file coords_24.pdb (PDB, C-alpha atoms and all ligand atoms)
ATOM      1  CA  MET A  12      79.703-125.174 173.252  1.00  0.00           C
ATOM      2  CA  LYS A  13      78.478-127.860 170.858  1.00  0.00           C
ATOM      3  CA  GLN A  14      80.544-131.034 170.886  1.00  0.00           C
ATOM      4  CA  ILE A  15      82.450-131.682 167.669  1.00  0.00           C
ATOM      5  CA  ASN A  16      83.020-135.220 166.438  1.00  0.00           C
ATOM      6  CA  ARG A  17      85.262-136.520 163.711  1.00  0.00           C
ATOM      7  CA  ILE A  18      83.388-139.477 162.305  1.00  0.00           C
ATOM      8  CA  ARG A  19      83.377-141.992 159.458  1.00  0.00           C
ATOM      9  CA  ILE A  20      80.078-142.914 157.843  1.00  0.00           C
ATOM     10  CA  LYS A  21      79.963-146.258 156.072  1.00  0.00           C
ATOM     11  CA  HIS A  22      77.187-147.162 153.637  1.00  0.00           C
ATOM     12  CA  GLU A  23      77.025-150.616 152.024  1.00  0.00           C
ATOM     13  CA  VAL A  24      75.265-149.404 148.934  1.00  0.00           C
ATOM     14  CA  ASN A  25      74.796-152.799 147.245  1.00  0.00           C
ATOM     15  CA  LYS A  26      72.637-153.965 150.173  1.00  0.00           C
ATOM     16  CA  CYS A  27      70.453-150.837 150.218  1.00  0.00           C
ATOM     17  CA  VAL A  28      66.771-151.643 149.558  1.00  0.00           C
ATOM     18  CA  GLY A  29      65.903-148.032 148.813  1.00  0.00           C
ATOM     19  CA  ASN A  30      63.174-147.309 151.353  1.00  0.00           C
ATOM     20  CA  LYS A  31      64.641-143.810 151.907  1.00  0.00           C
ATOM     21  CA  ASN A  32      64.553-143.770 155.732  1.00  0.00           C
ATOM     22  CA  CYS A  33      68.068-142.351 155.754  1.00  0.00           C
ATOM     23  CA  LEU A  34      66.980-139.467 153.528  1.00  0.00           C
ATOM     24  CA  LEU A  35      64.180-138.703 155.942  1.00  0.00           C
ATOM     25  CA  TYR A  36      66.525-138.320 158.934  1.00  0.00           C
ATOM     26  CA  ALA A  37      69.703-137.095 157.250  1.00  0.00           C
ATOM     27  CA  PRO A  38      68.760-135.476 153.934  1.00  0.00           C
ATOM     28  CA  ASP A  39      71.964-133.421 153.923  1.00  0.00           C
ATOM     29  CA  TYR A  40      74.057-136.568 153.797  1.00  0.00           C
ATOM     30  CA  PHE A  41      72.128-138.971 151.588  1.00  0.00           C
ATOM     31  CA  SER A  42      70.702-138.596 148.096  1.00  0.00           C
ATOM     32  CA  PHE A  43      68.809-141.063 145.963  1.00  0.00           C
ATOM     33  CA  SER A  44      69.477-142.468 142.530  1.00  0.00           C
ATOM     34  CA  LYS A  45      68.710-145.700 140.641  1.00  0.00           C
ATOM     35  CA  GLN A  46      66.562-147.080 143.494  1.00  0.00           C
ATOM     36  CA  LYS A  47      69.388-146.737 146.033  1.00  0.00           C
ATOM     37  CA  ALA A  48      70.517-144.217 148.588  1.00  0.00           C
ATOM     38  CA  GLN A  49      73.907-142.652 148.050  1.00  0.00           C
ATOM     39  CA  LEU A  50      76.175-141.136 150.627  1.00  0.00           C
ATOM     40  CA  GLN A  51      77.030-137.678 149.384  1.00  0.00           C
ATOM     41  CA  ASN A  52      80.676-136.743 148.800  1.00  0.00           C
ATOM     42  CA  ASN A  53      81.733-140.312 149.437  1.00  0.00           C
ATOM     43  CA  TYR A  54      84.865-142.190 148.578  1.00  0.00           C
ATOM     44  CA  LYS A  55      84.254-145.733 147.502  1.00  0.00           C
ATOM     45  CA  LYS A  56      85.957-149.066 148.135  1.00  0.00           C
ATOM     46  CA  ALA A  57      84.379-152.036 146.387  1.00  0.00           C
ATOM     47  CA  ASN A  58      80.639-151.586 146.924  1.00  0.00           C
ATOM     48  CA  VAL A  59      80.988-149.584 150.098  1.00  0.00           C
ATOM     49  CA  GLU A  60      80.713-145.812 150.341  1.00  0.00           C
ATOM     50  CA  TYR A  61      82.628-143.940 153.038  1.00  0.00           C
ATOM     51  CA  ARG A  62      82.725-140.380 154.164  1.00  0.00           C
ATOM     52  CA  ASP A  63      84.983-138.899 156.849  1.00  0.00           C
ATOM     53  CA  ILE A  64      83.544-135.726 158.228  1.00  0.00           C
ATOM     54  CA  THR A  65      83.494-133.416 161.228  1.00  0.00           C
ATOM     55  CA  VAL A  66      80.026-132.913 162.670  1.00  0.00           C
ATOM     56  CA  ASN A  67      78.493-131.259 165.695  1.00  0.00           C
ATOM     57  CA  HIS A  68      76.319-133.157 168.149  1.00  0.00           C
ATOM     58  CA  SER A  69      73.003-132.390 166.466  1.00  0.00           C
ATOM     59  CA  GLU A  70      74.300-133.507 163.049  1.00  0.00           C
ATOM     60  CA  LEU A  71      75.650-136.682 164.625  1.00  0.00           C
ATOM     61  CA  LYS A  72      72.237-137.383 166.129  1.00  0.00           C
ATOM     62  CA  LYS A  73      70.598-137.039 162.707  1.00  0.00           C
ATOM     63  CA  LEU A  74      73.084-139.475 161.217  1.00  0.00           C
ATOM     64  CA  MET A  75      72.597-141.914 164.095  1.00  0.00           C
ATOM     65  CA  LYS A  76      68.832-141.800 163.549  1.00  0.00           C
ATOM     66  CA  ALA A  77      69.385-142.484 159.859  1.00  0.00           C
ATOM     67  CA  ALA A  78      71.601-145.468 160.682  1.00  0.00           C
ATOM     68  CA  TYR A  79      69.192-146.896 163.259  1.00  0.00           C
ATOM     69  CA  SER A  80      66.234-146.437 160.897  1.00  0.00           C
ATOM     70  CA  CYS A  81      67.808-148.405 158.065  1.00  0.00           C
ATOM     71  CA  PRO A  82      65.777-151.641 157.801  1.00  0.00           C
ATOM     72  CA  VAL A  83      68.691-153.624 156.382  1.00  0.00           C
ATOM     73  CA  ASN A  84      71.417-152.207 158.645  1.00  0.00           C
ATOM     74  CA  VAL A  85      73.743-150.923 155.962  1.00  0.00           C
ATOM     75  CA  ILE A  86      74.786-147.647 157.603  1.00  0.00           C
ATOM     76  CA  SER A  87      77.474-147.627 160.310  1.00  0.00           C
ATOM     77  CA  ILE A  88      79.159-144.708 162.082  1.00  0.00           C
ATOM     78  CA  TYR A  89      82.612-144.660 163.696  1.00  0.00           C
ATOM     79  CA  ASP A  90      84.243-142.171 166.016  1.00  0.00           C
ATOM     80  CA  LEU A  91      87.624-141.573 164.346  1.00  0.00           C
ATOM     81  CA  LYS A  92      89.170-139.614 167.186  1.00  0.00           C
ATOM     82  CA  ASN A  93      88.517-142.200 169.881  1.00  0.00           C
ATOM     83  CA  ASN A  94      88.617-145.166 167.527  1.00  0.00           C
ATOM     84  CA  ARG A  95      85.271-146.556 168.605  1.00  0.00           C
ATOM     85  CA  ILE A  96      82.041-147.615 166.978  1.00  0.00           C
ATOM     86  CA  ILE A  97      79.058-145.297 167.429  1.00  0.00           C
ATOM     87  CA  VAL A  98      76.513-147.266 165.407  1.00  0.00           C
ATOM     88  CA  ASP A  99      77.669-150.671 164.288  1.00  0.00           C
ATOM     89  CA  ASN A 100      75.148-152.381 162.104  1.00  0.00           C
ATOM     90  CA  SER A 101      77.302-155.222 160.948  1.00  0.00           C
ATOM     91  CA  ILE A 102      76.118-158.602 162.150  1.00  0.00           C
ATOM     92  CA  HIS A 103      78.523-160.641 164.287  1.00  0.00           C
ATOM     93  CA  SER A 104      77.716-164.321 164.308  1.00  0.00           C
ATOM     94  CA  GLU A 105      81.140-165.884 164.973  1.00  0.00           C
ATOM     95  CA  SER A 106      80.220-166.911 168.544  1.00  0.00           C
ATOM     96  CA  ALA A 107      76.601-167.836 167.845  1.00  0.00           C
ATOM     97  CA  ILE A 108      75.336-171.271 168.850  1.00  0.00           C
ATOM     98  CA  GLU A 109      73.884-173.076 165.844  1.00  0.00           C
ATOM     99  CA  LEU A 110      70.617-174.940 166.316  1.00  0.00           C
ATOM    100  CA  PHE A 111      69.389-177.111 163.498  1.00  0.00           C
ATOM    101  CA  ALA A 112      65.619-177.129 163.290  1.00  0.00           C
ATOM    102  CA  ASP A 113      64.051-180.499 164.002  1.00  0.00           C
ATOM    103  CA  ASN A 114      60.950-181.654 162.216  1.00  0.00           C
ATOM    104  CA  HIS A 115      58.044-180.700 164.481  1.00  0.00           C
ATOM    105  CA  SER A 116      55.301-181.217 161.948  1.00  0.00           C
ATOM    106  CA  LYS A 117      53.696-183.947 164.082  1.00  0.00           C
ATOM    107  CA  ASP A 118      53.673-181.900 167.303  1.00  0.00           C
ATOM    108  CA  ARG A 119      50.219-180.766 168.263  1.00  0.00           C
ATOM    109  CA  MET A 120      49.851-177.112 169.160  1.00  0.00           C
ATOM    110  CA  LYS A 121      48.651-176.518 172.713  1.00  0.00           C
ATOM    111  CA  PHE A 122      45.276-174.824 173.039  1.00  0.00           C
ATOM    112  CA  ASP A 123      45.440-171.081 173.629  1.00  0.00           C
ATOM    113  CA  LYS A 124      43.195-169.993 176.496  1.00  0.00           C
ATOM    114  CA  THR A 125      42.166-166.922 174.465  1.00  0.00           C
ATOM    115  CA  GLY A 126      40.624-169.166 171.771  1.00  0.00           C
ATOM    116  CA  TYR A 127      41.487-170.215 168.229  1.00  0.00           C
ATOM    117  CA  PHE A 128      41.517-168.380 164.888  1.00  0.00           C
ATOM    118  CA  LEU A 129      39.697-169.000 161.638  1.00  0.00           C
ATOM    119  CA  VAL A 130      41.405-167.332 158.673  1.00  0.00           C
ATOM    120  CA  LYS A 131      39.843-166.655 155.292  1.00  0.00           C
ATOM    121  CA  ILE A 132      40.282-164.253 152.400  1.00  0.00           C
ATOM    122  CA  LYS A 133      37.809-161.997 150.623  1.00  0.00           C
ATOM    123  CA  LYS A 134      39.201-161.774 147.126  1.00  0.00           C
ATOM    124  CA  GLU A 135      36.792-159.136 145.879  1.00  0.00           C
ATOM    125  CA  MET A 136      37.755-156.780 148.720  1.00  0.00           C
ATOM    126  CA  LYS A 137      41.445-157.845 148.766  1.00  0.00           C
ATOM    127  CA  GLN A 138      41.033-158.415 152.498  1.00  0.00           C
ATOM    128  CA  ILE A 139      42.014-161.051 155.028  1.00  0.00           C
ATOM    129  CA  GLU A 140      39.445-161.848 157.685  1.00  0.00           C
ATOM    130  CA  VAL A 141      40.390-163.512 160.958  1.00  0.00           C
ATOM    131  CA  GLY A 142      37.749-164.762 163.398  1.00  0.00           C
ATOM    132  CA  LEU A 143      38.592-165.474 167.009  1.00  0.00           C
ATOM    133  CA  CYS A 144      36.487-168.295 168.416  1.00  0.00           C
ATOM    134  CA  ARG A 145      36.283-168.609 172.164  1.00  0.00           C
ATOM    135  CA  LYS A 146      33.700-171.374 171.869  1.00  0.00           C
ATOM    136  CA  ARG A 147      33.598-173.970 169.123  1.00  0.00           C
ATOM    137  CA  ASN A 148      32.487-172.408 165.802  1.00  0.00           C
ATOM    138  CA  ILE A 149      31.256-169.200 167.423  1.00  0.00           C
ATOM    139  CA  VAL A 150      33.225-166.170 166.237  1.00  0.00           C
ATOM    140  CA  ALA A 151      33.569-163.698 169.096  1.00  0.00           C
ATOM    141  CA  VAL A 152      35.876-161.150 167.400  1.00  0.00           C
ATOM    142  CA  LYS A 153      36.491-160.448 163.696  1.00  0.00           C
ATOM    143  CA  ILE A 154      39.717-158.781 162.602  1.00  0.00           C
ATOM    144  CA  ILE A 155      39.695-157.557 159.016  1.00  0.00           C
ATOM    145  CA  GLY A 156      42.702-156.093 157.258  1.00  0.00           C
ATOM    146  CA  LYS A 157      44.781-155.932 154.137  1.00  0.00           C
ATOM    147  CA  THR A 158      48.198-157.017 155.382  1.00  0.00           C
ATOM    148  CA  PRO A 159      49.485-159.638 157.845  1.00  0.00           C
ATOM    149  CA  GLU A 160      51.275-156.913 159.794  1.00  0.00           C
ATOM    150  CA  ASP A 161      48.125-154.816 160.292  1.00  0.00           C
ATOM    151  CA  ILE A 162      46.231-157.872 161.463  1.00  0.00           C
ATOM    152  CA  TYR A 163      48.771-159.408 163.804  1.00  0.00           C
ATOM    153  CA  LYS A 164      49.564-156.058 165.404  1.00  0.00           C
ATOM    154  CA  THR A 165      45.847-155.499 166.006  1.00  0.00           C
ATOM    155  CA  ILE A 166      45.602-158.984 167.531  1.00  0.00           C
ATOM    156  CA  ILE A 167      48.619-158.419 169.752  1.00  0.00           C
ATOM    157  CA  ASN A 168      47.528-154.922 170.804  1.00  0.00           C
ATOM    158  CA  ASN A 169      44.134-156.309 171.799  1.00  0.00           C
ATOM    159  CA  LYS A 170      45.718-159.293 173.604  1.00  0.00           C
ATOM    160  CA  LEU A 171      43.770-161.791 171.512  1.00  0.00           C
ATOM    161  CA  LEU A 172      46.376-164.513 171.834  1.00  0.00           C
ATOM    162  CA  SER A 173      48.677-165.647 174.597  1.00  0.00           C
ATOM    163  CA  ARG A 174      51.053-168.291 173.238  1.00  0.00           C
ATOM    164  CA  PHE A 175      54.236-168.052 171.132  1.00  0.00           C
ATOM    165  CA  ASP A 176      53.349-171.126 169.068  1.00  0.00           C
ATOM    166  CA  HIS A 177      49.896-169.699 168.384  1.00  0.00           C
ATOM    167  CA  ALA A 178      51.415-166.368 167.267  1.00  0.00           C
ATOM    168  CA  ALA A 179      53.867-168.168 164.960  1.00  0.00           C
ATOM    169  CA  TYR A 180      51.075-170.286 163.501  1.00  0.00           C
ATOM    170  CA  LEU A 181      48.901-167.231 162.908  1.00  0.00           C
ATOM    171  CA  GLY A 182      51.783-165.373 161.228  1.00  0.00           C
ATOM    172  CA  LYS A 183      52.313-168.300 158.874  1.00  0.00           C
ATOM    173  CA  GLU A 184      48.623-168.485 157.952  1.00  0.00           C
ATOM    174  CA  LEU A 185      48.346-164.714 157.477  1.00  0.00           C
ATOM    175  CA  GLN A 186      51.308-164.684 155.118  1.00  0.00           C
ATOM    176  CA  LYS A 187      49.816-167.575 153.131  1.00  0.00           C
ATOM    177  CA  ALA A 188      46.494-165.728 152.934  1.00  0.00           C
ATOM    178  CA  TYR A 189      48.287-162.584 151.786  1.00  0.00           C
ATOM    179  CA  ILE A 190      50.209-164.452 149.057  1.00  0.00           C
ATOM    180  CA  ALA A 191      46.940-166.064 147.920  1.00  0.00           C
ATOM    181  CA  LEU A 192      45.374-162.619 147.574  1.00  0.00           C
ATOM    182  CA  GLN A 193      48.345-161.220 145.679  1.00  0.00           C
ATOM    183  CA  GLN A 194      48.617-164.212 143.334  1.00  0.00           C
ATOM    184  CA  ASP A 195      44.875-164.852 142.948  1.00  0.00           C
ATOM    185  CA  LEU A 196      45.170-168.342 144.489  1.00  0.00           C
ATOM    186  CA  ASN A 197      42.729-170.250 146.647  1.00  0.00           C
ATOM    187  CA  TYR A 198      43.424-170.142 150.338  1.00  0.00           C
ATOM    188  CA  VAL A 199      42.418-172.936 152.685  1.00  0.00           C
ATOM    189  CA  GLN A 200      43.572-172.654 156.264  1.00  0.00           C
ATOM    190  CA  ASP A 201      46.162-175.308 157.197  1.00  0.00           C
ATOM    191  CA  ASP A 202      46.573-176.470 153.573  1.00  0.00           C
ATOM    192  CA  GLU A 203      49.641-175.717 151.441  1.00  0.00           C
ATOM    193  CA  LEU A 204      49.075-173.061 148.791  1.00  0.00           C
ATOM    194  CA  ASP A 205      48.610-174.578 145.350  1.00  0.00           C
ATOM    195  CA  MET A 206      51.123-172.539 143.370  1.00  0.00           C
TER     196      MET A 206
HETATM  197  S1  LIG B 301      67.594-146.466 155.012  1.00  0.00           S
HETATM  198 FE1  LIG B 301      69.019-148.072 154.386  1.00  0.00          FE
HETATM  199  S2  LIG B 301      67.879-149.273 152.910  1.00  0.00           S
HETATM  200 FE2  LIG B 301      66.783-147.369 153.160  1.00  0.00          FE
HETATM  201  S3  LIG B 301      67.538-146.077 151.521  1.00  0.00           S
HETATM  202 FE3  LIG B 301      68.761-145.649 153.316  1.00  0.00          FE
HETATM  203  S4  LIG B 301      70.515-146.994 153.170  1.00  0.00           S
HETATM  204 FE4  LIG B 301      69.001-147.741 151.753  1.00  0.00          FE
END
call {"tool": "encode", "arguments": {"input": "coords_24.pdb", "output": "structure tokens"}}
result
Amino acid sequence: MKQINRIRIKHEVNKCVGNKNCLLYAPDYFSFSKQKAQLQNNYKKANVEYRDITVNHSELKKLMKAAYSCPVNVISIYDLKNNRIIVDNSIHSESAIELFADNHSKDRMKFDKTGYFLVKIKKEMKQIEVGLCRKRNIVAVKIIGKTPEDIYKTIINNKLLSRFDHAAYLGKELQKAYIALQQDLNYVQDDELDM
């Protein structure tokens, strides 16, 4: 027999960014209006939608997938019978250690054994081009893409870097290059964007 669960769904509608993942996984429970998802048949307190409902195991799984897929963590699910959290997306930071970032602008980055990257943009193609140099000024691999994410995932998947600081540096430069393309600005690697 299928397990039956009495659950509460919580949806913080004001924080929803409207990417519709929840509708993909649980279309019977979420609808869409005015750029936001809405929990169907909800009761509302402040900006939070709630629904208490009895579901079988397969429906619960759909709702859990919807909650886990939400990029901004605004869907939570509670087991009402056993008074426990099934998917808790609220962020708990009460016991977090706070580290204040020091100024590291003068620290030199250590050389990555895989090489170094040259980043440039091709405005006419709306593309970012990254060259991996294993020897000085000799590009061994070119990675061409339209978004930072496409490029850095390709670099990671192909193991073209090996250091955290190098990855962070590359991410920063890719995002700058992307903003330059979007805003029709000049991009010069290692320089601030002239906004
Ligand atoms: S997945 Fe989250 S952010 Fe996306 S529409 Fe649903 S509730 Fe909104």
call {"tool": "atom_distance", "arguments": {"input": "coords_24.pdb", "atom1": "atom CA of Phe122 of chain A", "atom2": "atom CA of Leu204 of chain A"}}
result
24.6 Å
call {"tool": "closest_residue", "arguments": {"input": "coords_24.pdb", "among": "A:Asn93, A:Asn197, A:Asn100, A:Asn67", "to": "ligand LIG 301 (chain B)", "atoms": "all atoms listed in the file"}}
result
A:Asn100
call {"tool": "closest_residue", "arguments": {"input": "coords_24.pdb", "among": "A:Arg17, A:His22, A:Lys157, A:Lys183", "to": "Val66 of chain A", "atoms": "all atoms listed in the file"}}
result
A:Arg17
call {"tool": "residues_near_ligand", "arguments": {"input": "coords_24.pdb", "ligand": "ligand LIG 301 (chain B)", "cutoff": "9 Å", "atoms": "all atoms listed in the file", "output": "ChimeraX atom specification"}}
result
/A:22-35,41-43,46-50,77-86
call {"tool": "resolve_selection", "arguments": {"input": "coords_24.pdb", "expression": "the PyMOL selection byres (((chain A and resi 130-133) around 8) and not hetatm)", "output": "ChimeraX atom specification"}}
result
/A:128-129,134-142,184-185,188,192,198-200
call {"tool": "closest_atom_pairs", "arguments": {"input": "coords_24.pdb", "of": "segment 79-150 of chain A", "to": "segment 168-181 of chain A", "cutoff": "7 Å", "atoms": "only C-alpha atoms", "output": "Markdown table"}}
result
| residue | atom | partner | partner_atom | distance |
| --- | --- | --- | --- | --- |
| A:Met120 | CA | A:Asp176 | CA | 6.9 |
| A:Asp123 | CA | A:Arg174 | CA | 6.3 |
| A:Thr125 | CA | A:Leu172 | CA | 5.5 |
call {"tool": "closest_residue", "arguments": {"input": "coords_24.pdb", "among": "A:Ile108, A:Cys144, A:Ile167, A:Ala191", "to": "Asp205 of chain A", "atoms": "all atoms listed in the file"}}
result
A:Ala191
call {"tool": "atom_distance", "arguments": {"input": "coords_24.pdb", "atom1": "atom CA of His103 of chain A", "atom2": "atom CA of Leu74 of chain A"}}
result
22.1 Å
call {"tool": "atom_distance", "arguments": {"input": "coords_24.pdb", "atom1": "atom CA of Gln193 of chain A", "atom2": "atom CA of Ser116 of chain A"}}
result
26.7 Å
call {"tool": "decode", "arguments": {"input": "coords_24.pdb", "residues": "segment 62-93 of chain A", "atoms": "N, CA and C atoms", "output": "tab-separated table (two decimals), in the first residue's frame"}}
result
chain	number	residue	atom	x	y	z
A	62	ARG	N	0.03	25.41	2.40
A	62	ARG	CA	-1.04	24.48	2.07
A	62	ARG	C	-0.83	23.21	2.89
A	63	ASP	N	-1.86	22.78	3.59
A	63	ASP	CA	-1.81	21.52	4.35
A	63	ASP	C	-2.57	20.50	3.54
A	64	ILE	N	-1.95	19.37	3.31
A	64	ILE	CA	-2.54	18.44	2.35
A	64	ILE	C	-2.08	17.01	2.67
A	65	THR	N	-2.91	16.05	2.28
A	65	THR	CA	-2.53	14.65	2.42
A	65	THR	C	-2.08	14.14	1.06
A	66	VAL	N	-0.90	13.57	1.01
A	66	VAL	CA	-0.37	13.11	-0.28
A	66	VAL	C	0.17	11.68	-0.14
A	67	ASN	N	0.19	10.97	-1.26
A	67	ASN	CA	0.85	9.66	-1.23
A	67	ASN	C	2.34	9.85	-1.52
A	68	HIS	N	3.08	8.75	-1.48
A	68	HIS	CA	4.53	8.84	-1.56
A	68	HIS	C	5.00	9.45	-2.88
A	69	SER	N	4.33	9.08	-3.98
A	69	SER	CA	4.81	9.60	-5.27
A	69	SER	C	4.52	11.10	-5.40
A	70	GLU	N	3.41	11.56	-4.84
A	70	GLU	CA	3.14	13.01	-4.86
A	70	GLU	C	4.15	13.75	-3.98
A	71	LEU	N	4.47	13.15	-2.85
A	71	LEU	CA	5.46	13.77	-1.96
A	71	LEU	C	6.80	13.90	-2.66
A	72	LYS	N	7.17	12.86	-3.42
A	72	LYS	CA	8.45	12.93	-4.13
A	72	LYS	C	8.46	14.06	-5.15
A	73	LYS	N	7.34	14.25	-5.84
A	73	LYS	CA	7.26	15.35	-6.81
A	73	LYS	C	7.46	16.69	-6.10
A	74	LEU	N	6.79	16.84	-4.97
A	74	LEU	CA	6.89	18.10	-4.23
A	74	LEU	C	8.31	18.31	-3.69
A	75	MET	N	8.94	17.22	-3.25
A	75	MET	CA	10.32	17.33	-2.76
A	75	MET	C	11.25	17.75	-3.89
A	76	LYS	N	11.04	17.19	-5.08
A	76	LYS	CA	11.86	17.58	-6.23
A	76	LYS	C	11.66	19.07	-6.54
A	77	ALA	N	10.41	19.51	-6.47
A	77	ALA	CA	10.13	20.92	-6.72
A	77	ALA	C	10.86	21.79	-5.71
A	78	ALA	N	10.82	21.38	-4.44
A	78	ALA	CA	11.48	22.18	-3.40
A	78	ALA	C	13.00	22.20	-3.59
A	79	TYR	N	13.57	21.02	-3.89
A	79	TYR	CA	15.03	20.97	-4.07
A	79	TYR	C	15.47	21.72	-5.33
A	80	SER	N	14.58	21.82	-6.32
A	80	SER	CA	14.98	22.46	-7.58
A	80	SER	C	14.87	23.98	-7.52
A	81	CYS	N	14.25	24.49	-6.48
A	81	CYS	CA	14.05	25.95	-6.41
A	81	CYS	C	15.41	26.63	-6.20
A	82	PRO	N	15.82	27.51	-7.11
A	82	PRO	CA	17.17	28.09	-7.01
A	82	PRO	C	17.32	29.07	-5.85
A	83	VAL	N	16.20	29.56	-5.31
A	83	VAL	CA	16.31	30.52	-4.21
A	83	VAL	C	15.74	29.96	-2.90
A	84	ASN	N	15.50	28.65	-2.89
A	84	ASN	CA	15.14	27.94	-1.65
A	84	ASN	C	13.93	28.54	-0.95
A	85	VAL	N	12.85	28.72	-1.67
A	85	VAL	CA	11.68	29.33	-1.03
A	85	VAL	C	10.53	28.33	-0.82
A	86	ILE	N	10.80	27.05	-1.08
A	86	ILE	CA	9.76	26.04	-0.84
A	86	ILE	C	10.25	25.09	0.26
A	87	SER	N	9.47	24.93	1.31
A	87	SER	CA	9.80	23.98	2.37
A	87	SER	C	8.62	23.03	2.56
A	88	ILE	N	8.92	21.84	3.08
A	88	ILE	CA	7.86	20.83	3.29
A	88	ILE	C	8.02	20.25	4.69
A	89	TYR	N	6.91	20.14	5.41
A	89	TYR	CA	6.92	19.63	6.79
A	89	TYR	C	5.99	18.44	6.90
A	90	ASP	N	6.42	17.49	7.69
A	90	ASP	CA	5.60	16.32	8.01
A	90	ASP	C	4.76	16.70	9.23
A	91	LEU	N	3.44	16.87	9.04
A	91	LEU	CA	2.60	17.36	10.14
A	91	LEU	C	2.35	16.28	11.18
A	92	LYS	N	2.28	15.04	10.72
A	92	LYS	CA	1.96	13.96	11.67
A	92	LYS	C	3.11	13.75	12.66
A	93	ASN	N	4.31	13.71	12.13
A	93	ASN	CA	5.47	13.42	12.99
A	93	ASN	C	6.22	14.69	13.42
